[in-house]
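Worksheet for the structure shown next.
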Amino acid sequence: MSTYPVPLVPNNVQSAMQLASISVLGLPAPTSEKDPAYSAVRVGWQQLGQPSQFINNDVAYLRCITVDDSVNRQRDQQTVSNPADMNDPPQSDLQVWTYMRVWQTFWEFYGPNGFDHARAIHSALFTQSIHDTFAALNLNLYWIPDSSCPRRVPYYEDGQWWERVDFEARFNELVTETTVIPLAASVEIQLYESQAGEVDDFVVVMPGEGYGEGEYGGGGYGS
Amino acid sequence: MRLHSVVNNPMLAEAFQVQRSQGGYYGAGGWSDNYTTLNYFGIVSIADAKTVDALPEADRIHGAIVINSELPLYVTRLSAGDGGPATSDIIVYQGDSAPWGKYRVVNEGKYKSRGFWHTIAVWMTGA
């Protein structure tokens, strides 16, 4: 059984951001699936859309995507013993890849208090509570302290001007991926010279004790 | 002039179904809806070029229909009676599999004083 964290998907991140935003805005913690707090902080890009709000309602929408970043391209790889392999000697190893993935969350605040709500969430990112919230939710998500300033962007729609404030923040996620790789129990090696023909024939067998954790050397090799 | 007798004329009108949201809610992670199916009767036509031209680009690809019916068809609305906010009606026309299928209401013309509703719906490919 692997103990590595499962890579996040957009629904994980959006739900975490939704809960964190509800908390920062001082709304009561949701106690049911239909809790009104969810109406105040909504998740965007619903399959069939979702009803909007009245112009005087304070409502935030958030959306999460992954973004390109140079840190995405650096990958660490190591080979470790496969904890799920109970064979003796083991028949597989685990190749473990780790890399950093960058998530970006967009917040859009509507309503007469949207500007101040954006300030509150923007400032909350600098506090320990956001970090602790993600830790409590068991998310490998860490804020990059370089968030944009909230921007007031009123827009004209349906015959009237709507108050709106946008800002976005990025978060690092340490992603771990594993691949089971099979091991050979033994390999026969035959050596030939052009003149003399076969000069040696031996078998390399799977090492026993002390094998694993990236070590392929050690005892156990022989002819 | 009330035209409901025209849109209900069996020489022109036909039966179809409507999947209507009874009011949904904003929950953890997103919107949840609650649909019921209604039987409808009205004149269903293929939308002409000028009608399709008025729709957003992404909805032009696979066409649209125009429905004239006595009973109302709804776009997404902030309040559906006691049910709260609700998303657009979905028309099930001549079965719900291709080449026919489901169409989502994107525009409603409220000719209530004339006894009918004029609705545009776009094909939901893959639905």
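Lettering and numbering for the structure tokens are positional, with chains as A, B, ... in the shown order, residues counted from 1 in each chain, and ligands counted from 1 in the shown order.
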* Skipping near chain neighbours, those fewer than 6 positions away, what residues fall within 9 Å of Gln91 of chain A using only C-alpha atoms, listed as a PyMOL selection string? -> chain A and resi 82+85+181-185
* List every residue of segment 15-125 of chain B that DSSP, applied to the backbone of this structure, assigns to strand (DSSP E or B), and report them as a VMD selection string. => chain B and resid 15 to 21 25 to 27 30 to 32 35 to 46 64 to 69 77 86 90 to 93 101 to 111 116 to 123
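If you look at atom CA of Val24 of chain A and atom CA of Ser129 of chain A, they are 9.2 Å away from each other.
For chain B, the residues having at least one atom no farther than 8 Å from chain A, when counting only C-alpha atoms, are B:Tyr25, B:Tyr26, B:Gly27, B:Ala28, B:Gly29, B:Gly30, B:Trp31, B:Thr76, B:Arg77, B:Leu78, B:Pro85, B:Ala86, B:Thr87.
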* **Picked from segment 34-66 of chain B by DSSP as alpha helix (DSSP H), as a list in words** => Ala49, Lys50, Thr51, Val52 and Asp53 of chain B
Go ahead and write the selection's residues with N, CA and C atoms as a PDB file, in the first residue's frame.
```
ATOM      1  N   ALA B  49     -31.038  30.943 -40.313  1.00  0.00           N
ATOM      2  CA  ALA B  49     -29.679  31.486 -40.205  1.00  0.00           C
ATOM      3  C   ALA B  49     -29.624  32.742 -39.357  1.00  0.00           C
ATOM      4  N   LYS B  50     -30.632  33.581 -39.479  1.00  0.00           N
ATOM      5  CA  LYS B  50     -30.611  34.839 -38.739  1.00  0.00           C
ATOM      6  C   LYS B  50     -30.747  34.584 -37.243  1.00  0.00           C
ATOM      7  N   THR B  51     -31.569  33.592 -36.894  1.00  0.00           N
ATOM      8  CA  THR B  51     -31.725  33.256 -35.473  1.00  0.00           C
ATOM      9  C   THR B  51     -30.434  32.682 -34.912  1.00  0.00           C
ATOM     10  N   VAL B  52     -29.849  31.754 -35.669  1.00  0.00           N
ATOM     11  CA  VAL B  52     -28.602  31.136 -35.206  1.00  0.00           C
ATOM     12  C   VAL B  52     -27.506  32.181 -35.086  1.00  0.00           C
ATOM     13  N   ASP B  53     -27.532  33.153 -35.985  1.00  0.00           N
ATOM     14  CA  ASP B  53     -26.500  34.190 -35.986  1.00  0.00           C
ATOM     15  C   ASP B  53     -26.525  35.008 -34.693  1.00  0.00           C
TER      16      ASP B  53
END
```
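Here atom CA of Ala120 of chain A is placed at a distance of 20.0 Å from atom CA of Leu141 of chain A.
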* Asked: Which one of B:Ala13, B:Leu73, B:Ala64, B:Leu55 sits closest to Val122 of chain B if you count only C-alpha atoms?
  ->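 The shortest atom-to-atom distance to Val122 of chain B comes from B:Ala64.
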* To do: Determine, counting only C-alpha atoms, which protein, DNA and RNA residues have an atom within 7 Å of an atom of Ile65 of chain B; residues of the same chain fewer than 5 positions away are not included. Present the result as a list in words.
  =>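 Counting only C-alpha atoms, the residues come to Val44, Ser45, Ile46, Ala47, Ile120, Ala121 and Val122 of chain B.
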* To do: State, in Å with one decimal place, the distance from atom CA of Ser147 of chain A to atom CA of Val67 of chain A.
  => 14.1 Å
* **Given only C-alpha atoms as the counted atoms, nearest of B:Ala15, B:Val7, B:Val92, B:Val105 to Phe41 of chain B** => B:Ala15
* Would you mind listing what lies within 10 Å of Ile43 of chain B as a ChimeraX atom specification, with only C-alpha atoms counted and same-chain residues fewer than 5 positions away left out? => /B:6-16,66-70,118
* **Nearby residues (only C-alpha atoms) at most 10 Å from Ser70 of chain A, same-chain spacing under 6 positions excluded, as JSON, numbers by chain** => {"A": [100, 101, 102]}
* Asked: Between A:Leu62, A:Val9, A:Val96, A:Ala135, which is the closest to Glu108 of chain A once you count only C-alpha atoms?
  -> A:Leu62
* To do: Identify which of the residues A:Arg152, A:Pro83, A:Val59, A:Pro145 lies closest to Thr3 of chain A, counting only C-alpha atoms when measuring atom-to-atom distances.
  =>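 Closest to Thr3 of chain A, using only C-alpha atoms: A:Pro83.
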